[in-house]
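S.K.: My structure is in work.pdb, and what it holds is PDB, C-alpha atoms:
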ATOM      1  CA  MET L   5     -12.463  43.532   1.683  1.00  0.00           C
ATOM      2  CA  GLY L   6      -9.668  43.586   4.195  1.00  0.00           C
ATOM      3  CA  LYS L   7      -5.974  43.642   3.615  1.00  0.00           C
ATOM      4  CA  LEU L   8      -4.545  40.920   1.387  1.00  0.00           C
ATOM      5  CA  SER L   9      -2.169  38.732   3.349  1.00  0.00           C
ATOM      6  CA  VAL L  10       0.335  37.038   1.056  1.00  0.00           C
ATOM      7  CA  LEU L  11       1.971  34.113   2.845  1.00  0.00           C
ATOM      8  CA  LEU L  12       4.673  33.153   0.385  1.00  0.00           C
ATOM      9  CA  ALA L  13       6.991  36.008   1.289  1.00  0.00           C
ATOM     10  CA  LEU L  14       8.555  33.902   4.047  1.00  0.00           C
ATOM     11  CA  SER L  15       9.495  30.262   3.748  1.00  0.00           C
ATOM     12  CA  THR L  16      10.176  27.691   6.397  1.00  0.00           C
ATOM     13  CA  THR L  17      13.951  27.638   6.371  1.00  0.00           C
ATOM     14  CA  VAL L  18      16.650  26.174   8.499  1.00  0.00           C
ATOM     15  CA  PRO L  19      19.765  28.246   9.157  1.00  0.00           C
ATOM     16  CA  CYS L  20      22.281  28.495   6.356  1.00  0.00           C
ATOM     17  CA  VAL L  21      24.565  25.510   6.553  1.00  0.00           C
ATOM     18  CA  PRO L  22      28.349  25.728   6.438  1.00  0.00           C
ATOM     19  CA  VAL L  23      29.529  25.674   2.857  1.00  0.00           C
ATOM     20  CA  PRO L  24      31.313  22.362   2.284  1.00  0.00           C
ATOM     21  CA  PRO L  25      34.435  22.170   0.164  1.00  0.00           C
ATOM     22  CA  SER L  26      33.072  22.119  -3.363  1.00  0.00           C
ATOM     23  CA  ALA L  27      34.328  21.702  -6.874  1.00  0.00           C
ATOM     24  CA  ALA L  28      34.093  24.730  -9.130  1.00  0.00           C
ATOM     25  CA  ILE L  29      31.342  24.464 -11.741  1.00  0.00           C
ATOM     26  CA  THR L  30      30.003  26.510 -14.635  1.00  0.00           C
ATOM     27  CA  PRO L  31      26.333  27.275 -15.461  1.00  0.00           C
ATOM     28  CA  GLU L  32      26.711  25.075 -18.540  1.00  0.00           C
ATOM     29  CA  LEU L  33      27.573  22.111 -16.301  1.00  0.00           C
ATOM     30  CA  VAL L  34      24.371  22.645 -14.303  1.00  0.00           C
ATOM     31  CA  SER L  35      22.409  22.141 -17.521  1.00  0.00           C
ATOM     32  CA  THR L  36      24.164  18.901 -18.461  1.00  0.00           C
ATOM     33  CA  ALA L  37      25.274  17.160 -15.261  1.00  0.00           C
ATOM     34  CA  SER L  38      23.086  14.732 -13.342  1.00  0.00           C
ATOM     35  CA  ALA L  39      21.510  15.701 -10.031  1.00  0.00           C
ATOM     36  CA  ALA L  40      23.800  13.212  -8.279  1.00  0.00           C
ATOM     37  CA  GLU L  41      26.876  14.782  -9.845  1.00  0.00           C
ATOM     38  CA  LEU L  42      25.826  18.284  -8.805  1.00  0.00           C
ATOM     39  CA  GLU L  43      25.144  17.015  -5.286  1.00  0.00           C
ATOM     40  CA  ARG L  44      28.673  15.588  -5.108  1.00  0.00           C
ATOM     41  CA  ARG L  45      30.285  18.744  -6.462  1.00  0.00           C
ATOM     42  CA  LEU L  46      28.305  21.384  -4.526  1.00  0.00           C
ATOM     43  CA  LEU L  47      27.033  19.767  -1.333  1.00  0.00           C
ATOM     44  CA  GLY L  48      29.281  16.810  -0.666  1.00  0.00           C
ATOM     45  CA  SER L  49      26.465  14.755   0.862  1.00  0.00           C
ATOM     46  CA  THR L  50      22.873  15.326   1.989  1.00  0.00           C
ATOM     47  CA  ARG L  51      20.420  13.531   4.242  1.00  0.00           C
ATOM     48  CA  LEU L  52      18.592  12.161   1.190  1.00  0.00           C
ATOM     49  CA  PRO L  53      19.673  11.940  -2.468  1.00  0.00           C
ATOM     50  CA  ILE L  54      19.314  15.000  -4.711  1.00  0.00           C
ATOM     51  CA  VAL L  55      16.766  14.185  -7.447  1.00  0.00           C
ATOM     52  CA  GLN L  56      16.352  17.524  -9.279  1.00  0.00           C
ATOM     53  CA  ALA L  57      18.622  20.500  -9.960  1.00  0.00           C
ATOM     54  CA  TYR L  58      18.636  23.557 -12.220  1.00  0.00           C
ATOM     55  CA  LEU L  59      19.777  27.173 -12.516  1.00  0.00           C
ATOM     56  CA  TRP L  60      17.520  29.370 -10.373  1.00  0.00           C
ATOM     57  CA  GLY L  61      15.732  32.453 -11.689  1.00  0.00           C
ATOM     58  CA  GLU L  62      17.956  32.943 -14.727  1.00  0.00           C
ATOM     59  CA  ALA L  63      15.090  33.860 -17.042  1.00  0.00           C
ATOM     60  CA  LEU L  64      13.543  36.315 -14.553  1.00  0.00           C
ATOM     61  CA  ALA L  65      16.658  38.097 -13.332  1.00  0.00           C
ATOM     62  CA  PRO L  66      17.852  41.199 -15.228  1.00  0.00           C
ATOM     63  CA  PRO L  67      21.145  40.688 -17.043  1.00  0.00           C
ATOM     64  CA  THR L  68      24.267  41.645 -15.148  1.00  0.00           C
ATOM     65  CA  PRO L  69      25.709  44.937 -16.478  1.00  0.00           C
ATOM     66  CA  PRO L  70      28.932  44.594 -18.506  1.00  0.00           C
ATOM     67  CA  GLY L  71      32.044  44.662 -16.380  1.00  0.00           C
ATOM     68  CA  LYS L  72      30.254  43.563 -13.208  1.00  0.00           C
ATOM     69  CA  PRO L  73      30.723  40.180 -11.482  1.00  0.00           C
ATOM     70  CA  VAL L  74      28.041  37.592 -12.162  1.00  0.00           C
ATOM     71  CA  VAL L  75      26.416  35.579  -9.374  1.00  0.00           C
ATOM     72  CA  THR L  76      24.895  32.201 -10.300  1.00  0.00           C
ATOM     73  CA  THR L  77      22.410  30.364  -8.068  1.00  0.00           C
ATOM     74  CA  VAL L  78      21.661  26.649  -8.357  1.00  0.00           C
ATOM     75  CA  ALA L  79      18.555  25.003  -6.866  1.00  0.00           C
ATOM     76  CA  LEU L  80      18.923  21.390  -5.746  1.00  0.00           C
ATOM     77  CA  PHE L  81      16.018  19.311  -4.421  1.00  0.00           C
ATOM     78  CA  GLU L  82      16.231  16.300  -2.147  1.00  0.00           C
ATOM     79  CA  GLN L  83      14.160  13.173  -2.572  1.00  0.00           C
ATOM     80  CA  ALA L  84      10.710  13.625  -1.016  1.00  0.00           C
ATOM     81  CA  THR L  85       9.832  11.849   2.191  1.00  0.00           C
ATOM     82  CA  ASP L  86       7.011  11.589   4.698  1.00  0.00           C
ATOM     83  CA  SER L  87       6.448  14.702   6.785  1.00  0.00           C
ATOM     84  CA  GLY L  88       5.716  15.046  10.465  1.00  0.00           C
ATOM     85  CA  GLU L  89       2.569  16.907   9.414  1.00  0.00           C
ATOM     86  CA  GLU L  90      -0.405  14.576   8.986  1.00  0.00           C
ATOM     87  CA  GLY L  91      -1.209  14.040   5.302  1.00  0.00           C
ATOM     88  CA  PHE L  92       1.835  15.909   3.958  1.00  0.00           C
ATOM     89  CA  CYS L  93       5.111  15.023   2.302  1.00  0.00           C
ATOM     90  CA  GLN L  94       8.196  17.198   2.361  1.00  0.00           C
ATOM     91  CA  LYS L  95      11.504  17.733   0.618  1.00  0.00           C
ATOM     92  CA  VAL L  96      14.449  20.035   1.211  1.00  0.00           C
ATOM     93  CA  ARG L  97      15.521  22.598  -1.371  1.00  0.00           C
ATOM     94  CA  TYR L  98      19.135  23.781  -1.264  1.00  0.00           C
ATOM     95  CA  MET L  99      19.769  27.195  -2.794  1.00  0.00           C
ATOM     96  CA  VAL L 100      23.477  27.273  -3.648  1.00  0.00           C
ATOM     97  CA  ARG L 101      24.919  30.672  -4.496  1.00  0.00           C
ATOM     98  CA  LEU L 102      28.221  30.497  -6.324  1.00  0.00           C
ATOM     99  CA  LYS L 103      31.058  32.937  -5.808  1.00  0.00           C
ATOM    100  CA  PRO L 104      30.865  36.001  -8.103  1.00  0.00           C
ATOM    101  CA  VAL L 105      32.951  35.714 -11.266  1.00  0.00           C
ATOM    102  CA  MET L 106      33.737  37.991 -14.213  1.00  0.00           C
ATOM    103  CA  ARG L 107      32.787  36.958 -17.723  1.00  0.00           C
ATOM    104  CA  GLU L 108      35.665  35.940 -19.934  1.00  0.00           C
ATOM    105  CA  ARG L 109      36.373  37.669 -23.246  1.00  0.00           C
ATOM    106  CA  ASN L 110      34.331  35.076 -25.106  1.00  0.00           C
ATOM    107  CA  GLY L 111      31.308  35.834 -22.897  1.00  0.00           C
ATOM    108  CA  GLN L 112      31.492  32.569 -20.969  1.00  0.00           C
ATOM    109  CA  LEU L 113      31.518  32.335 -17.188  1.00  0.00           C
ATOM    110  CA  PRO L 114      34.535  30.619 -15.614  1.00  0.00           C
ATOM    111  CA  PRO L 115      34.025  27.880 -12.995  1.00  0.00           C
ATOM    112  CA  ALA L 116      33.017  29.041  -9.514  1.00  0.00           C
ATOM    113  CA  GLN L 117      32.733  27.352  -6.128  1.00  0.00           C
ATOM    114  CA  ALA L 118      29.788  27.523  -3.735  1.00  0.00           C
ATOM    115  CA  ALA L 119      29.694  30.624  -1.514  1.00  0.00           C
ATOM    116  CA  LEU L 120      26.423  30.144   0.399  1.00  0.00           C
ATOM    117  CA  VAL L 121      24.010  27.229   0.892  1.00  0.00           C
ATOM    118  CA  THR L 122      20.481  27.990   2.139  1.00  0.00           C
ATOM    119  CA  PRO L 123      18.124  25.029   2.752  1.00  0.00           C
ATOM    120  CA  SER L 124      14.322  25.355   2.884  1.00  0.00           C
ATOM    121  CA  THR L 125      11.635  22.749   3.584  1.00  0.00           C
ATOM    122  CA  LEU L 126       8.890  22.351   0.962  1.00  0.00           C
ATOM    123  CA  TYR L 127       5.571  20.534   1.429  1.00  0.00           C
ATOM    124  CA  ARG L 128       2.844  18.872  -0.617  1.00  0.00           C
ATOM    125  CA  TRP L 129      -0.345  16.961   0.117  1.00  0.00           C
ATOM    126  CA  LYS L 130       0.162  13.229  -0.385  1.00  0.00           C
ATOM    127  CA  THR L 131      -1.146  11.865  -3.641  1.00  0.00           C
ATOM    128  CA  THR L 132      -1.570   8.250  -4.700  1.00  0.00           C
ATOM    129  CA  ASP L 133       0.171   6.246  -7.403  1.00  0.00           C
ATOM    130  CA  GLY L 134      -2.312   3.364  -7.324  1.00  0.00           C
ATOM    131  CA  ARG L 135      -0.438   1.491  -4.591  1.00  0.00           C
ATOM    132  CA  GLY L 136      -0.984   3.915  -1.744  1.00  0.00           C
ATOM    133  CA  PRO L 137       0.222   7.343  -0.614  1.00  0.00           C
ATOM    134  CA  ALA L 138       3.110   8.655  -2.719  1.00  0.00           C
ATOM    135  CA  CYS L 139       5.382  11.584  -1.912  1.00  0.00           C
ATOM    136  CA  GLU L 140       7.659  12.293  -4.843  1.00  0.00           C
ATOM    137  CA  GLY L 141       6.956  15.062  -7.328  1.00  0.00           C
ATOM    138  CA  ILE L 142       8.647  17.891  -9.200  1.00  0.00           C
ATOM    139  CA  ASP L 143       9.467  21.081  -7.320  1.00  0.00           C
ATOM    140  CA  SER L 144       6.452  23.005  -8.714  1.00  0.00           C
ATOM    141  CA  GLU L 145       4.155  20.517  -6.932  1.00  0.00           C
ATOM    142  CA  PHE L 146       5.465  21.668  -3.545  1.00  0.00           C
ATOM    143  CA  PHE L 147       4.930  24.888  -1.602  1.00  0.00           C
ATOM    144  CA  THR L 148       6.736  26.821   1.097  1.00  0.00           C
ATOM    145  CA  VAL L 149       5.220  28.110   4.322  1.00  0.00           C
ATOM    146  CA  SER L 150       6.287  30.584   6.965  1.00  0.00           C
ATOM    147  CA  ASP L 151       6.755  29.313  10.509  1.00  0.00           C
ATOM    148  CA  MET L 152       4.086  31.775  11.642  1.00  0.00           C
ATOM    149  CA  ASP L 153       1.345  30.514   9.293  1.00  0.00           C
ATOM    150  CA  ALA L 154       2.285  26.888   8.659  1.00  0.00           C
ATOM    151  CA  GLN L 155      -0.303  25.214  10.899  1.00  0.00           C
ATOM    152  CA  ALA L 156      -3.147  27.333   9.500  1.00  0.00           C
ATOM    153  CA  VAL L 157      -2.114  26.486   5.925  1.00  0.00           C
ATOM    154  CA  PHE L 158      -1.881  22.759   6.667  1.00  0.00           C
ATOM    155  CA  ALA L 159      -5.311  22.808   8.348  1.00  0.00           C
ATOM    156  CA  ARG L 160      -6.992  24.587   5.419  1.00  0.00           C
ATOM    157  CA  ILE L 161      -5.521  22.161   2.874  1.00  0.00           C
ATOM    158  CA  ARG L 162      -6.691  19.243   5.025  1.00  0.00           C
ATOM    159  CA  ASP L 163     -10.200  20.757   4.983  1.00  0.00           C
ATOM    160  CA  LEU L 164     -10.114  20.969   1.181  1.00  0.00           C
ATOM    161  CA  ALA L 165      -8.826  17.395   0.836  1.00  0.00           C
ATOM    162  CA  ASP L 166     -11.524  16.177   3.233  1.00  0.00           C
ATOM    163  CA  LEU L 167     -14.234  17.864   1.156  1.00  0.00           C
ATOM    164  CA  GLN L 168     -12.812  16.278  -1.985  1.00  0.00           C
ATOM    165  CA  LYS L 169     -12.868  12.854  -0.319  1.00  0.00           C
ATOM    166  CA  GLN L 170     -16.512  13.365   0.646  1.00  0.00           C
ATOM    167  CA  ALA L 171     -17.397  14.373  -2.924  1.00  0.00           C
ATOM    168  CA  LEU L 172     -15.619  11.356  -4.413  1.00  0.00           C
ATOM    169  CA  GLU L 173     -17.477   9.096  -1.979  1.00  0.00           C
ATOM    170  CA  HIS L 174     -20.806  10.801  -2.871  1.00  0.00           C
ATOM    171  CA  GLY L 175     -21.197  12.215   0.617  1.00  0.00           C
ATOM    172  CA  GLN L 176     -23.458  15.128   1.541  1.00  0.00           C
ATOM    173  CA  LEU L 177     -21.652  18.475   1.272  1.00  0.00           C
ATOM    174  CA  ASP L 178     -22.999  21.204   3.519  1.00  0.00           C
ATOM    175  CA  LEU L 179     -21.778  24.229   1.543  1.00  0.00           C
ATOM    176  CA  THR L 180     -22.328  26.126  -1.705  1.00  0.00           C
ATOM    177  CA  GLY L 181     -20.080  26.400  -4.742  1.00  0.00           C
ATOM    178  CA  THR L 182     -19.429  27.890  -8.177  1.00  0.00           C
ATOM    179  CA  VAL L 183     -17.104  27.097 -11.078  1.00  0.00           C
ATOM    180  CA  ASP L 184     -15.765  29.203 -13.974  1.00  0.00           C
ATOM    181  CA  ASP L 185     -14.065  27.048 -16.615  1.00  0.00           C
ATOM    182  CA  GLU L 186     -12.218  29.458 -18.918  1.00  0.00           C
ATOM    183  CA  PHE L 187     -10.303  26.541 -20.439  1.00  0.00           C
ATOM    184  CA  GLY L 188     -13.502  24.672 -21.329  1.00  0.00           C
ATOM    185  CA  ARG L 189     -15.231  27.752 -22.752  1.00  0.00           C
ATOM    186  CA  GLN L 190     -12.461  27.932 -25.337  1.00  0.00           C
ATOM    187  CA  GLY L 191     -13.480  24.462 -26.541  1.00  0.00           C
ATOM    188  CA  ARG L 192     -10.399  22.864 -24.996  1.00  0.00           C
ATOM    189  CA  TYR L 193     -11.055  19.919 -22.715  1.00  0.00           C
ATOM    190  CA  ALA L 194      -8.982  17.614 -20.563  1.00  0.00           C
ATOM    191  CA  PRO L 195      -8.992  13.863 -21.330  1.00  0.00           C
ATOM    192  CA  GLY L 196     -12.422  12.373 -20.634  1.00  0.00           C
ATOM    193  CA  GLU L 197     -14.228  15.739 -20.803  1.00  0.00           C
ATOM    194  CA  THR L 198     -16.869  16.498 -23.424  1.00  0.00           C
ATOM    195  CA  GLY L 199     -17.539  20.117 -22.523  1.00  0.00           C
ATOM    196  CA  PRO L 200     -16.783  22.850 -19.999  1.00  0.00           C
ATOM    197  CA  VAL L 201     -16.921  21.957 -16.312  1.00  0.00           C
ATOM    198  CA  THR L 202     -20.151  23.523 -15.024  1.00  0.00           C
ATOM    199  CA  ASP L 203     -20.715  21.515 -11.814  1.00  0.00           C
ATOM    200  CA  TRP L 204     -18.641  22.807  -8.894  1.00  0.00           C
ATOM    201  CA  GLN L 205     -18.694  19.366  -7.272  1.00  0.00           C
ATOM    202  CA  ALA L 206     -17.107  17.935 -10.429  1.00  0.00           C
ATOM    203  CA  ALA L 207     -14.483  20.673 -10.159  1.00  0.00           C
ATOM    204  CA  LEU L 208     -13.914  19.721  -6.517  1.00  0.00           C
ATOM    205  CA  LYS L 209     -13.365  16.087  -7.495  1.00  0.00           C
ATOM    206  CA  ALA L 210     -10.872  17.117 -10.195  1.00  0.00           C
ATOM    207  CA  PHE L 211      -8.939  19.743  -8.220  1.00  0.00           C
ATOM    208  CA  PRO L 212      -5.275  18.605  -7.883  1.00  0.00           C
ATOM    209  CA  VAL L 213      -4.824  19.165  -4.144  1.00  0.00           C
ATOM    210  CA  SER L 214      -1.423  17.436  -4.218  1.00  0.00           C
ATOM    211  CA  LYS L 215      -0.116  20.060  -6.684  1.00  0.00           C
ATOM    212  CA  ILE L 216      -0.947  23.195  -4.678  1.00  0.00           C
ATOM    213  CA  ARG L 217       1.950  25.592  -5.099  1.00  0.00           C
ATOM    214  CA  ILE L 218       0.554  29.071  -4.312  1.00  0.00           C
ATOM    215  CA  TYR L 219      -1.765  30.285  -1.592  1.00  0.00           C
ATOM    216  CA  ASP L 220      -2.886  33.453   0.171  1.00  0.00           C
ATOM    217  CA  PHE L 221      -5.870  34.610   2.198  1.00  0.00           C
ATOM    218  CA  LEU L 222      -8.242  37.540   2.555  1.00  0.00           C
ATOM    219  CA  ASN L 223      -9.581  38.640   5.916  1.00  0.00           C
ATOM    220  CA  THR L 224     -13.015  40.144   5.168  1.00  0.00           C
ATOM    221  CA  SER L 225     -15.828  41.619   7.208  1.00  0.00           C
ATOM    222  CA  THR L 226     -17.812  38.379   6.808  1.00  0.00           C
ATOM    223  CA  GLY L 227     -15.031  35.841   7.335  1.00  0.00           C
ATOM    224  CA  LEU L 228     -11.883  34.400   5.784  1.00  0.00           C
ATOM    225  CA  ILE L 229     -11.230  33.472   2.165  1.00  0.00           C
ATOM    226  CA  TRP L 230      -8.315  31.121   1.482  1.00  0.00           C
ATOM    227  CA  ARG L 231      -7.065  30.874  -2.098  1.00  0.00           C
ATOM    228  CA  PHE L 232      -5.085  27.996  -3.572  1.00  0.00           C
ATOM    229  CA  ARG L 233      -3.560  27.535  -7.049  1.00  0.00           C
ATOM    230  CA  ALA L 234      -2.651  24.113  -8.475  1.00  0.00           C
ATOM    231  CA  ASP L 235      -1.838  23.455 -12.143  1.00  0.00           C
ATOM    232  CA  ASP L 236      -4.404  25.463 -14.129  1.00  0.00           C
ATOM    233  CA  TRP L 237      -7.002  25.432 -11.353  1.00  0.00           C
ATOM    234  CA  SER L 238      -7.595  27.832  -8.496  1.00  0.00           C
ATOM    235  CA  VAL L 239     -10.108  27.683  -5.665  1.00  0.00           C
ATOM    236  CA  GLU L 240     -11.345  30.187  -3.097  1.00  0.00           C
ATOM    237  CA  VAL L 241     -12.374  28.488   0.150  1.00  0.00           C
ATOM    238  CA  THR L 242     -14.672  30.698   2.241  1.00  0.00           C
ATOM    239  CA  TYR L 243     -15.009  30.386   6.013  1.00  0.00           C
ATOM    240  CA  SER L 244     -17.916  32.537   7.165  1.00  0.00           C
ATOM    241  CA  SER L 245     -17.488  34.333  10.492  1.00  0.00           C
ATOM    242  CA  GLY L 246     -17.881  31.945  13.407  1.00  0.00           C
ATOM    243  CA  ARG L 247     -17.585  28.831  11.221  1.00  0.00           C
ATOM    244  CA  SER L 248     -14.661  26.432  11.556  1.00  0.00           C
ATOM    245  CA  ARG L 249     -15.503  24.540   8.359  1.00  0.00           C
ATOM    246  CA  PRO L 250     -15.704  25.865   4.783  1.00  0.00           C
ATOM    247  CA  THR L 251     -19.041  27.397   3.784  1.00  0.00           C
ATOM    248  CA  ALA L 252     -18.411  28.027   0.066  1.00  0.00           C
ATOM    249  CA  LEU L 253     -16.036  27.006  -2.725  1.00  0.00           C
ATOM    250  CA  SER L 254     -15.351  28.985  -5.905  1.00  0.00           C
ATOM    251  CA  PHE L 255     -13.341  27.215  -8.633  1.00  0.00           C
ATOM    252  CA  ARG L 256     -11.687  28.656 -11.717  1.00  0.00           C
ATOM    253  CA  ARG L 257      -9.758  26.881 -14.464  1.00  0.00           C
ATOM    254  CA  PHE L 258      -7.393  29.120 -16.375  1.00  0.00           C
ATOM    255  CA  ILE L 259      -6.309  28.894 -19.988  1.00  0.00           C
ATOM    256  CA  PRO L 260      -2.882  27.234 -19.744  1.00  0.00           C
ATOM    257  CA  SER L 261       0.126  29.445 -20.376  1.00  0.00           C
ATOM    258  CA  PRO L 262       2.148  28.554 -23.475  1.00  0.00           C
ATOM    259  CA  PRO L 263       5.186  26.360 -22.721  1.00  0.00           C
TER
END
Translate this structure into structure tokens?

M.R.:
Amino acid sequence: MGKLSVLLALSTTVPCVPVPPSAAITPELVSTASAAELERRLLGSTRLPIVQAYLWGEALAPPTPPGKPVVTTVALFEQATDSGEEGFCQKVRYMVRLKPVMRERNGQLPPAQAALVTPSTLYRWKTTDGRGPACEGIDSEFFTVSDMDAQAVFARIRDLADLQKQALEHGQLDLTGTVDDEFGRQGRYAPGETGPVTDWQAALKAFPVSKIRIYDFLNTSTGLIWRFRADDWSVEVTYSSGRSRPTALSFRRFIPSPP
């Protein structure tokens, strides 16, 4: 195996935008205010309406030591729209870092204004809502790409979606596949299932391409392996050396993490 190349380290970003005059807010307000209200207070106005907002990384970040200023970051997500990339939707995420503040004696954080706004563009494969292609979705159904690797990522997801379309239309698939259904082996099935998924083509038909959120690739001595994660499914898409189309698919369904 060659070196693992993780692509999520860099995201497609546009330069930090000037911080508009903003109202001071508290973390508690982020949890209770509407997305539109947070847009008005922190951003002033955006190209498209803000439809989702929350505190960023609070559960993962280590607590700030006593006596040190606390920095709060708020993530705000624009309404999704069609992308210039064929088959993809996009939305802009605004990371708003508030000015550092000291905790008050009662442990609460006082209001703080925005100090830095960093926008990034997120993408997802178009899904359907029964009326045609649909773009909107929650933030975890979108992914980021680096400028360097974006076109390769888009092309590989298009390949996977094309294979899924062929499978759903009962077309001939010129490749091999496997599936490992950990979820099903535990006796836990999705609606409509009566047992573990054992047919890789059934796994291909069920794979939620429009919810891909994580990807990476392996450069091996025999070709490339692209890996995608969506919901509780993952898939490895193998491109043998000298082949421009996938030659093998390997699916895995994980046991869902507790909420």

S.K.: Can you work out which one of L:Ala116, L:Ile161, L:Ile29, L:Ala84 has the shortest atom-to-atom distance to Lys103 (chain L), counting all atoms listed in the file?

M.R.: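 Going through L:Ala116, L:Ile161, L:Ile29, L:Ala84 one by one, the smallest distance to Lys103 (chain L) is for L:Ala116.
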
S.K.: Please compute the CA of Gly91 (chain L)-CA of Thr202 (chain L) distance, one decimal, in Å.

M.R.: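 Interatomic distance here is 29.4 Å.
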
S.K.: Point out the residue among L:Ala171, L:Leu120, L:Ile142, L:Ala28 with the least atom-to-atom distance to Ile54 (chain L), counting all atoms listed in the file.

M.R.: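 Using all atoms listed in the file, the shortest distance to Ile54 (chain L) belongs to L:Ile142.
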
S.K.: For a cutoff of 12 Å around the file-coordinate point (25.1, 17.7, -0.2), which residues qualify once you count all atoms listed in the file? I'd like the result as an MDAnalysis selection string.

M.R.: chainID L and resid 21:26 39:55 79:82 96:100 118 121:123

S.K.: Could you expand the PyMOL selection byres ((chain L and resi 156) around 12) into the explicit residues it covers here, written as a count of residues only?

M.R.: 22
